[in-house]
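Written out below as structure tokens is the structure these notes cover.
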Number of protein chains: 2
Amino acid sequence: LHPDILQFLKETVGEKNVRTQIIDRISYASDASEFKHLPDAAACPTTTQQVAAIMEMAFRENIPITPRGAGTSVSGLTVPVKGGIVLDLIQMNKILKISPEDRLAVVQPGVVYGDLDRALKPLGFSFPPEPASGKVATLGGNVATNAGGVKGAKYGTTRNYVLGLEVVLADGQVLRTGSHTLKCVSGLDLTRLFVGSEGVLGVITEIILRIDPRPLETSTAMATFENLSDAGRAVAAIMKSGAVPSVLEVVDRNCIRAINQNTNMELPEVAAILLAETDGSTKTETEAQMDKITRVFKENNASSVRLAQTAAEAEALWAARKSAYPVIARLNNTVISEDTTVPISKVVDMLEVIAELAVKYDILLVTVGHVADGNLHPHFTYDSTDPDVSRRVTEARAELYRRAIELGGTLTGEHGIGLGKAAFMSLEHSEVAMGVMRKIKQALDPKNILNPGKMDLDVCQE
Amino acid sequence: LHPDILQFLKETVGEKNVRTQIIDRISYASDASEFKHLPDAAACPTTTQQVAAIMEMAFRENIPITPRGAGTSVSGLTVPVKGGIVLDLIQMNKILKISPEDRLAVVQPGVVYGDLDRALKPLGFSFPPEPASGKVATLGGNVATNAGGVKGAKYGTTRNYVLGLEVVLADGQVLRTGSHTLKCVSGLDLTRLFVGSEGVLGVITEIILRIDPRPLETSTAMATFENLSDAGRAVAAIMKSGAVPSVLEVVDRNCIRAINQNTNMELPEVAAILLAETDGSTKTETEAQMDKITRVFKENNASSVRLAQTAAEAEALWAARKSAYPVIARLNNTVISEDTTVPISKVVDMLEVIAELAVKYDILLVTVGHVADGNLHPHFTYDSTDPDVSRRVTEARAELYRRAIELGGTLTGEHGIGLGKAAFMSLEHSEVAMGVMRKIKQALDPKNILNPGKMDLDVCQE
């Protein structure tokens with residue numbers, strides 16, 4: 001970066017909020033994905049005006065800008081592949097308003113999901129779409145990626161909760177979208193255009209979120225299946241039954257084994273465990289819902305069904321699922337969490353495809369997933385210093401994407417396209433669709449300075 | 001229209017599906033709004049290919065195209081103000097798929113809401129966002145306007161249920177957006193860009209909708225208030241309490257009077273009635289929710305609270321609300337349904353603004369509304385042959401918009417901008433926001449042939 005630009009950054013956000021040391025640049029070079037690229041500098045703005053000033057300068061000077069929250073992306077969303085400046089927004093971390101009567105909260109993008117949740121809890125409210133990284137991930141990132149999580153099947157994803165945004169555009173103009181009302185159909189829906197846009201259209205600087213009453217009661221049950229396809233069929237049958245699980249998670253045999261090897265839980269090493277939770281404001285309601293679910297478990301040959309009678313029992317049932325991520329992370333030097341998502345009736349086929357690919361490519365695949373919305377996370381666990389296994393992983397992932405799309409699914413249910421799947425966009429999206437996305441990108445970011453390299457939308461450079 | 005173009009239309013959709021007689025053109029000149037403009041012709045395609053062929057020709061020949069479903073818009077959305085061709089989509093009325101296990105339905109745009117609902121009911125499912133016009137309105141229109149309805153507070157609007165679309169673009173290219181999965185974050189969210197876009201970006205030819213289990217039980221209660229502000233405060237207090245009403249409707253004194261004058265219901269002529277419904281899968285749940293609501297009614301000085309004990313009693317409580325629209329329609333030769341929407345805590349202020357405007361402009365304003373999401377429908381009922389009252393109505397409406405926005409509200413919660421509010425867009429949206437909307441419009445419809453004149457987005461012509 002030219003010294004004048006560094007000087008401008010320091011004058012704009014203050015000297016201590018500009019990072020140019022190699023140690024800083026290295027920490028901004030990567031996120032939770034396998035990608036890395038050094039930025040030239042990072043700036044940590046504390047106000048919308050500072051973000052706007054930086055964007056105005058970047059637009060004029062043609063400098064790539066990569067917005068970043070907590071850097072928990074597993075898709076390389078915050079990796080600055082074209083260098084330039086990382087905009088670290090975690091200091092914009094104020095909860096500006098919580099209004100239960102208006103059913104909304106207004107937050108800055110650097111607020112951590114868990115911090116908002118802690119503020120809402122005493123009021124009896126929550127913001128349901130909690131990603132697995134909710135303890136550290138920021139709401140700006142949640143909005144930019146349309147984060148999902150375990151409660152998506154009942155509560156939907158982040159998209160359903162964003163009422164309005166403040167966004168700094170590529171040229172530094174400040175845009176306000178949506179409103180403070182629960183309903184709004186005034187003009188084109190710019191709000192949802194920015195939700196899930198992965199930072200390629202603008203920098204989110206304020207968020208109006210709908211909040212929901214916190215459920216007062218839950219019921220929890222766990223079923224084991226000796227046969228993977230029975231588990232898959234149970235999922236579809238639950239959804240067809242009209243039951244409304246707030247959580248329906250799968251844990252596969254490889255994951256159960258990994259848990260048993262790394263904990264003292266002594267889980268039965270069955271083909272799959274399904275964990276279900278229902279919620280509501282009365283125990284009668286949650287039990288009635290759970291009754292439907294456990295009946296379906298039994299009809300689909302569950303080898304055991306355990307219904308928690310107490311909070312402690314519920315916690316014990318949850319323990320297997322909750323230990324999955326920490327255990328998986330320890331399995332090898334590299335773990336890639338995939339995000340294959342299919343129509344619910346195809347979950348059974350997708351589970352079989354995953355098992356098939358593990359054999360075909362001789363890779364340990366460990367799967368958990370939010371099966372009530374068809375969202376599976378097969379984890380590729382391998383030694384990335386071994387070029388042969390790395391090549392097989394690459395091939396297996398490409399086949400996984402193709403098979404998911406053949407089953408009517410999508411490249412990504414909640415992790416995003418980012419860098420990791422940019423090259424696969426045309427598997428899912430026609431030339432017409434790619435053309436429309438690129439036209440919108442070009443209309444809003446004509447110099448391609450906003451998070452370049454992501455989503456395969458770069459159109460004007462090179 | 002040039003004879004060659006008429007010939008092309010006839011060859012494309014068949015002679016009987018092209019309408020050029022003056023009687024047909026008149027019936028396509030208006031919708032449920034106060035606007036009128038004759039098209040040159042109407043064409044009724046039956047396939048996506050036909051729509052694509054017509055758009056390709058229209059793009060080449062620069063002919064305005066106005067897509068139309070049942071024509072129930074109260075905002076002039078389907079009035080062809082620049083002439084050209086009306087694309088009447090009601091013959092594309094097939095339900096292509098209903099898959100309860102996948103929690104989705106696939107429909108053509110001409111399917112009537114009520115017809116889908118009848119198909120879903122025996123399966124125990126529903127598509128919750130039912131507009132007041134649901135018995136005749138088409139799903140294409142519901143998607144193009146992001147239709148709301150009485151259950152928005154609990155279930156959200158149409159936007160939350162659209163998983164994917166097939167859209168014919170301005171130049172005749174066919175775009176597929178979204179997927180058959182409940183979760184999808186693959187690429188920019190084109191699906192929601194088209195939801196609520198009022199036909200200005202493309203013609204919707206197929207819709208993938210999420211469906212929900214139908215609630216098994218409901219509880220219903222009605223409260224009367226002698227004081228308008230008590231009713232308004234009760235609404236905010238209900239939302240703050242964490243109760244989840246599936247319906248929360250207001251009927252004001254003028255509406256109650258109109259109902260009493262036109263029916264034998266003999267309702268108490270109080271300042272306002274609030275009608276509440278809760279739903280769930282058990283009576284315990286719906287009663288627990290309703291218990292919170294009736295407690296709040298009493299704490300806010302309700303003069304009476306009636307809780308339905310039987311289905312017949314619930315129906316009797318609903319009768320007042322259900323008779324409102326037919327009664328209002330008879331009050332004068334012109335009735336305009338406004339759509340002012342504010343944050344819930346401002347419902348009390350907005351109800352007072354409406355009362356104030358009725359006095360200030362000496363107009364009968366009759367109000368019902370979906371207050372749990374701050375959505376009020378004051379109806380302007382007047383003799384439009386009287387120029388003086390017509391002028392006052394125009395002025396009062398403009399002030400209503402301004403006041404709603406001053407209260408943090410929006411021009412429209414569910415009726416859309418269309419023609420009626422196009423001139424007021426800049427009250428709510430900054431130049432930056434209008435600029436972004438127009439860039440997107442221009443990127444997707446460079447010749448401005450798609451539903452021109454709507455949303456104040458026309459950019460390239462004149």
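Here's how to read the names in the structure tokens: chain A, B, ... by the order shown, residue numbers from 1 in each chain, ligand numbers from 1 in the order shown.
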Show me, as a CSV table (one decimal) with N, CA, C and O atoms, in the first residue's frame, the residues that have an atom within 6 Å of A:Ile344 when counting only C-alpha atoms, minus same-chain residues fewer than 3 positions from it.
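Contents of around-v7.csv, freshly written:
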chain,number,residue,atom,x,y,z
A,236,ALA,N,-37.6,-38.3,6.9
A,236,ALA,CA,-38.7,-37.9,6.0
A,236,ALA,C,-40.1,-38.2,6.5
A,236,ALA,O,-41.0,-37.4,6.4
A,347,VAL,N,-32.5,-37.3,2.0
A,347,VAL,CA,-31.5,-37.4,3.0
A,347,VAL,C,-31.0,-38.9,3.1
A,347,VAL,O,-29.8,-39.1,3.2
A,374,GLY,N,-32.5,-31.1,5.7
A,374,GLY,CA,-31.7,-31.8,4.7
A,374,GLY,C,-30.3,-31.4,4.6
A,374,GLY,O,-29.6,-31.6,3.7
B,102,ASP,N,-40.9,-33.4,2.0
B,102,ASP,CA,-39.9,-32.3,1.6
B,102,ASP,C,-40.4,-31.0,2.1
B,102,ASP,O,-39.7,-30.0,1.9
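For A:Pro67, the non-local neighbours within 8 Å, defined as residues at least 2 positions apart in the same chain or in other chains and counting only C-alpha atoms, are Ile65, Gly69, Thr78, Val86, Leu87, Asp88, Leu89, Gly199, Val203 and Asn451 of chain A.
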Taking the DSSP secondary structure from the backbone, can you list the residues of stretch 120-270 of chain A that are alpha helix (DSSP H), as a PDB file with N, CA, C and O atoms, in the first residue's frame?
ATOM      1  N   LEU A 120     -30.837 -10.899  25.437  1.00  0.00           N
ATOM      2  CA  LEU A 120     -32.262 -11.167  25.174  1.00  0.00           C
ATOM      3  C   LEU A 120     -32.871 -12.106  26.207  1.00  0.00           C
ATOM      4  O   LEU A 120     -34.066 -12.026  26.514  1.00  0.00           O
ATOM      5  N   LEU A 139     -22.682 -11.013  14.354  1.00  0.00           N
ATOM      6  CA  LEU A 139     -23.960 -10.932  13.651  1.00  0.00           C
ATOM      7  C   LEU A 139     -23.793 -10.386  12.233  1.00  0.00           C
ATOM      8  O   LEU A 139     -24.543 -10.758  11.329  1.00  0.00           O
ATOM      9  N   GLY A 140     -22.810  -9.514  12.021  1.00  0.00           N
ATOM     10  CA  GLY A 140     -22.548  -9.051  10.654  1.00  0.00           C
ATOM     11  C   GLY A 140     -22.217 -10.224   9.751  1.00  0.00           C
ATOM     12  O   GLY A 140     -22.741 -10.338   8.640  1.00  0.00           O
ATOM     13  N   GLY A 141     -21.386 -11.132  10.251  1.00  0.00           N
ATOM     14  CA  GLY A 141     -21.063 -12.341   9.498  1.00  0.00           C
ATOM     15  C   GLY A 141     -22.269 -13.247   9.339  1.00  0.00           C
ATOM     16  O   GLY A 141     -22.496 -13.815   8.272  1.00  0.00           O
ATOM     17  N   ASN A 142     -23.068 -13.362  10.410  1.00  0.00           N
ATOM     18  CA  ASN A 142     -24.271 -14.191  10.313  1.00  0.00           C
ATOM     19  C   ASN A 142     -25.201 -13.689   9.208  1.00  0.00           C
ATOM     20  O   ASN A 142     -25.780 -14.475   8.458  1.00  0.00           O
ATOM     21  N   VAL A 143     -25.336 -12.366   9.122  1.00  0.00           N
ATOM     22  CA  VAL A 143     -26.212 -11.790   8.087  1.00  0.00           C
ATOM     23  C   VAL A 143     -25.574 -11.955   6.712  1.00  0.00           C
ATOM     24  O   VAL A 143     -26.231 -12.355   5.748  1.00  0.00           O
ATOM     25  N   ALA A 144     -24.283 -11.682   6.620  1.00  0.00           N
ATOM     26  CA  ALA A 144     -23.598 -11.752   5.321  1.00  0.00           C
ATOM     27  C   ALA A 144     -23.568 -13.180   4.775  1.00  0.00           C
ATOM     28  O   ALA A 144     -23.407 -13.383   3.572  1.00  0.00           O
ATOM     29  N   THR A 145     -23.722 -14.176   5.664  1.00  0.00           N
ATOM     30  CA  THR A 145     -23.704 -15.566   5.207  1.00  0.00           C
ATOM     31  C   THR A 145     -25.068 -16.232   5.337  1.00  0.00           C
ATOM     32  O   THR A 145     -25.218 -17.404   5.042  1.00  0.00           O
ATOM     33  N   GLY A 152     -32.941 -24.475  12.302  1.00  0.00           N
ATOM     34  CA  GLY A 152     -33.451 -23.980  11.028  1.00  0.00           C
ATOM     35  C   GLY A 152     -34.787 -24.574  10.600  1.00  0.00           C
ATOM     36  O   GLY A 152     -35.620 -23.891  10.010  1.00  0.00           O
ATOM     37  N   ALA A 153     -35.003 -25.839  10.891  1.00  0.00           N
ATOM     38  CA  ALA A 153     -36.203 -26.495  10.377  1.00  0.00           C
ATOM     39  C   ALA A 153     -37.457 -25.838  10.938  1.00  0.00           C
ATOM     40  O   ALA A 153     -38.453 -25.671  10.244  1.00  0.00           O
ATOM     41  N   LYS A 154     -37.446 -25.439  12.195  1.00  0.00           N
ATOM     42  CA  LYS A 154     -38.622 -24.777  12.756  1.00  0.00           C
ATOM     43  C   LYS A 154     -38.549 -23.269  12.593  1.00  0.00           C
ATOM     44  O   LYS A 154     -39.551 -22.629  12.309  1.00  0.00           O
ATOM     45  N   TYR A 155     -37.372 -22.686  12.781  1.00  0.00           N
ATOM     46  CA  TYR A 155     -37.273 -21.224  12.875  1.00  0.00           C
ATOM     47  C   TYR A 155     -36.689 -20.535  11.647  1.00  0.00           C
ATOM     48  O   TYR A 155     -36.638 -19.313  11.609  1.00  0.00           O
ATOM     49  N   LEU A 190     -34.130  -4.840  -1.043  1.00  0.00           N
ATOM     50  CA  LEU A 190     -32.673  -4.751  -0.976  1.00  0.00           C
ATOM     51  C   LEU A 190     -32.129  -5.461   0.259  1.00  0.00           C
ATOM     52  O   LEU A 190     -31.023  -6.005   0.245  1.00  0.00           O
ATOM     53  N   THR A 191     -32.918  -5.478   1.337  1.00  0.00           N
ATOM     54  CA  THR A 191     -32.460  -6.124   2.573  1.00  0.00           C
ATOM     55  C   THR A 191     -32.005  -7.553   2.290  1.00  0.00           C
ATOM     56  O   THR A 191     -30.881  -7.938   2.603  1.00  0.00           O
ATOM     57  N   ARG A 192     -32.907  -8.337   1.706  1.00  0.00           N
ATOM     58  CA  ARG A 192     -32.566  -9.759   1.482  1.00  0.00           C
ATOM     59  C   ARG A 192     -31.549  -9.947   0.380  1.00  0.00           C
ATOM     60  O   ARG A 192     -30.932 -11.010   0.281  1.00  0.00           O
ATOM     61  N   LEU A 193     -31.374  -8.946  -0.493  1.00  0.00           N
ATOM     62  CA  LEU A 193     -30.300  -9.058  -1.477  1.00  0.00           C
ATOM     63  C   LEU A 193     -28.935  -9.061  -0.779  1.00  0.00           C
ATOM     64  O   LEU A 193     -28.011  -9.771  -1.176  1.00  0.00           O
ATOM     65  N   PHE A 194     -28.830  -8.263   0.292  1.00  0.00           N
ATOM     66  CA  PHE A 194     -27.553  -8.213   1.026  1.00  0.00           C
ATOM     67  C   PHE A 194     -27.390  -9.396   1.977  1.00  0.00           C
ATOM     68  O   PHE A 194     -26.267  -9.809   2.259  1.00  0.00           O
ATOM     69  N   LEU A 228     -28.591 -47.325   8.321  1.00  0.00           N
ATOM     70  CA  LEU A 228     -28.567 -45.917   7.931  1.00  0.00           C
ATOM     71  C   LEU A 228     -29.844 -45.508   7.195  1.00  0.00           C
ATOM     72  O   LEU A 228     -30.391 -44.415   7.406  1.00  0.00           O
ATOM     73  N   SER A 229     -30.339 -46.397   6.333  1.00  0.00           N
ATOM     74  CA  SER A 229     -31.501 -45.996   5.542  1.00  0.00           C
ATOM     75  C   SER A 229     -32.760 -45.913   6.403  1.00  0.00           C
ATOM     76  O   SER A 229     -33.650 -45.111   6.118  1.00  0.00           O
ATOM     77  N   ASP A 230     -32.825 -46.715   7.470  1.00  0.00           N
ATOM     78  CA  ASP A 230     -33.955 -46.552   8.393  1.00  0.00           C
ATOM     79  C   ASP A 230     -33.945 -45.148   9.016  1.00  0.00           C
ATOM     80  O   ASP A 230     -34.989 -44.503   9.148  1.00  0.00           O
ATOM     81  N   ALA A 231     -32.751 -44.708   9.400  1.00  0.00           N
ATOM     82  CA  ALA A 231     -32.642 -43.364   9.986  1.00  0.00           C
ATOM     83  C   ALA A 231     -33.071 -42.301   8.976  1.00  0.00           C
ATOM     84  O   ALA A 231     -33.828 -41.379   9.305  1.00  0.00           O
ATOM     85  N   GLY A 232     -32.598 -42.435   7.752  1.00  0.00           N
ATOM     86  CA  GLY A 232     -32.963 -41.471   6.703  1.00  0.00           C
ATOM     87  C   GLY A 232     -34.452 -41.457   6.435  1.00  0.00           C
ATOM     88  O   GLY A 232     -35.067 -40.397   6.279  1.00  0.00           O
ATOM     89  N   ARG A 233     -35.036 -42.669   6.404  1.00  0.00           N
ATOM     90  CA  ARG A 233     -36.477 -42.741   6.160  1.00  0.00           C
ATOM     91  C   ARG A 233     -37.264 -42.163   7.328  1.00  0.00           C
ATOM     92  O   ARG A 233     -38.329 -41.575   7.139  1.00  0.00           O
ATOM     93  N   ALA A 234     -36.753 -42.340   8.537  1.00  0.00           N
ATOM     94  CA  ALA A 234     -37.424 -41.780   9.718  1.00  0.00           C
ATOM     95  C   ALA A 234     -37.509 -40.255   9.621  1.00  0.00           C
ATOM     96  O   ALA A 234     -38.525 -39.645   9.962  1.00  0.00           O
ATOM     97  N   VAL A 235     -36.429 -39.659   9.122  1.00  0.00           N
ATOM     98  CA  VAL A 235     -36.422 -38.192   8.986  1.00  0.00           C
ATOM     99  C   VAL A 235     -37.559 -37.732   8.081  1.00  0.00           C
ATOM    100  O   VAL A 235     -38.354 -36.847   8.439  1.00  0.00           O
ATOM    101  N   ALA A 236     -37.645 -38.322   6.889  1.00  0.00           N
ATOM    102  CA  ALA A 236     -38.705 -37.929   5.953  1.00  0.00           C
ATOM    103  C   ALA A 236     -40.083 -38.202   6.545  1.00  0.00           C
ATOM    104  O   ALA A 236     -41.011 -37.399   6.388  1.00  0.00           O
ATOM    105  N   ALA A 237     -40.205 -39.322   7.259  1.00  0.00           N
ATOM    106  CA  ALA A 237     -41.512 -39.672   7.842  1.00  0.00           C
ATOM    107  C   ALA A 237     -41.912 -38.686   8.940  1.00  0.00           C
ATOM    108  O   ALA A 237     -43.088 -38.371   9.110  1.00  0.00           O
ATOM    109  N   ILE A 238     -40.930 -38.212   9.702  1.00  0.00           N
ATOM    110  CA  ILE A 238     -41.229 -37.203  10.729  1.00  0.00           C
ATOM    111  C   ILE A 238     -41.773 -35.935  10.077  1.00  0.00           C
ATOM    112  O   ILE A 238     -42.785 -35.381  10.496  1.00  0.00           O
ATOM    113  N   MET A 239     -41.111 -35.493   9.017  1.00  0.00           N
ATOM    114  CA  MET A 239     -41.533 -34.255   8.376  1.00  0.00           C
ATOM    115  C   MET A 239     -42.907 -34.431   7.734  1.00  0.00           C
ATOM    116  O   MET A 239     -43.733 -33.533   7.759  1.00  0.00           O
ATOM    117  N   LYS A 240     -43.154 -35.614   7.183  1.00  0.00           N
ATOM    118  CA  LYS A 240     -44.451 -35.884   6.573  1.00  0.00           C
ATOM    119  C   LYS A 240     -45.562 -35.969   7.614  1.00  0.00           C
ATOM    120  O   LYS A 240     -46.723 -35.661   7.349  1.00  0.00           O
ATOM    121  N   SER A 241     -45.202 -36.416   8.840  1.00  0.00           N
ATOM    122  CA  SER A 241     -46.207 -36.618   9.898  1.00  0.00           C
ATOM    123  C   SER A 241     -46.826 -35.311  10.367  1.00  0.00           C
ATOM    124  O   SER A 241     -47.848 -35.315  11.050  1.00  0.00           O
ATOM    125  N   ARG A 253     -22.158 -43.302  12.352  1.00  0.00           N
ATOM    126  CA  ARG A 253     -21.341 -44.289  13.066  1.00  0.00           C
ATOM    127  C   ARG A 253     -19.899 -43.811  13.254  1.00  0.00           C
ATOM    128  O   ARG A 253     -19.331 -43.954  14.344  1.00  0.00           O
ATOM    129  N   ASN A 254     -19.313 -43.212  12.201  1.00  0.00           N
ATOM    130  CA  ASN A 254     -17.929 -42.753  12.326  1.00  0.00           C
ATOM    131  C   ASN A 254     -17.804 -41.679  13.400  1.00  0.00           C
ATOM    132  O   ASN A 254     -16.795 -41.615  14.108  1.00  0.00           O
ATOM    133  N   CYS A 255     -18.828 -40.870  13.504  1.00  0.00           N
ATOM    134  CA  CYS A 255     -18.788 -39.822  14.519  1.00  0.00           C
ATOM    135  C   CYS A 255     -18.962 -40.436  15.911  1.00  0.00           C
ATOM    136  O   CYS A 255     -18.264 -40.046  16.855  1.00  0.00           O
ATOM    137  N   ILE A 256     -19.875 -41.408  16.026  1.00  0.00           N
ATOM    138  CA  ILE A 256     -20.073 -42.081  17.312  1.00  0.00           C
ATOM    139  C   ILE A 256     -18.765 -42.743  17.765  1.00  0.00           C
ATOM    140  O   ILE A 256     -18.350 -42.615  18.915  1.00  0.00           O
ATOM    141  N   ARG A 257     -18.096 -43.417  16.826  1.00  0.00           N
ATOM    142  CA  ARG A 257     -16.813 -44.065  17.161  1.00  0.00           C
ATOM    143  C   ARG A 257     -15.801 -43.043  17.638  1.00  0.00           C
ATOM    144  O   ARG A 257     -15.080 -43.272  18.623  1.00  0.00           O
ATOM    145  N   ALA A 258     -15.730 -41.924  16.912  1.00  0.00           N
ATOM    146  CA  ALA A 258     -14.763 -40.885  17.293  1.00  0.00           C
ATOM    147  C   ALA A 258     -15.072 -40.365  18.687  1.00  0.00           C
ATOM    148  O   ALA A 258     -14.164 -40.122  19.490  1.00  0.00           O
ATOM    149  N   ILE A 259     -16.357 -40.215  18.978  1.00  0.00           N
ATOM    150  CA  ILE A 259     -16.740 -39.741  20.315  1.00  0.00           C
ATOM    151  C   ILE A 259     -16.327 -40.774  21.372  1.00  0.00           C
ATOM    152  O   ILE A 259     -15.728 -40.431  22.400  1.00  0.00           O
ATOM    153  N   ASN A 260     -16.599 -42.038  21.078  1.00  0.00           N
ATOM    154  CA  ASN A 260     -16.235 -43.081  22.041  1.00  0.00           C
ATOM    155  C   ASN A 260     -14.717 -43.176  22.259  1.00  0.00           C
ATOM    156  O   ASN A 260     -14.265 -43.442  23.368  1.00  0.00           O
ATOM    157  N   GLN A 261     -13.968 -42.934  21.179  1.00  0.00           N
ATOM    158  CA  GLN A 261     -12.503 -42.999  21.310  1.00  0.00           C
ATOM    159  C   GLN A 261     -11.937 -41.829  22.113  1.00  0.00           C
ATOM    160  O   GLN A 261     -10.842 -41.909  22.657  1.00  0.00           O
ATOM    161  N   ASN A 262     -12.694 -40.742  22.166  1.00  0.00           N
ATOM    162  CA  ASN A 262     -12.163 -39.525  22.769  1.00  0.00           C
ATOM    163  C   ASN A 262     -12.890 -39.088  24.044  1.00  0.00           C
ATOM    164  O   ASN A 262     -12.528 -38.066  24.626  1.00  0.00           O
TER     165      ASN A 262
END
Legend entry - DSSP strand (DSSP E or B) residues within stretch 295-386 of chain B, listed as a PyMOL selection string: chain B and resi 302-307+334-337+341+364-370+375-382
Proximity of stretch 176-234 of chain B to stretch 394-417 of chain B: per-residue shortest pair, 10 Å limit, only C-alpha atoms, as CSV:
residue,atom,partner,partner_atom,distance
B:Gly196,CA,B:Gly416,CA,7.7
B:Ser197,CA,B:Gly416,CA,9.1
B:Glu198,CA,B:Gly416,CA,7.7
Generate the output file for the selected residues, C-alpha atoms, as a CSV table (one decimal), in the first residue's frame.
chain,number,residue,atom,x,y,z
B,196,GLY,CA,-42.2,-8.5,-3.9
B,197,SER,CA,-40.7,-7.0,-7.0
B,198,GLU,CA,-44.1,-6.3,-8.5
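When only C-alpha atoms are used to compute distances to chain B, the closest of the residues A:Leu450, A:Met437, A:Val18, A:Ile207 turns out to be A:Met437.
Shell of A:Thr381 at 7 Å, with only C-alpha atoms counted and residues fewer than 4 places along the chain excluded, is Leu331, Asn332, Thr334, Val335, Ile336, Leu364 and Leu365 of chain A.
Nearest to A:Ser126 of all the residues B:Lys360, B:Ala423, B:Gly242, B:Arg214 is B:Gly242, based on only C-alpha atoms.
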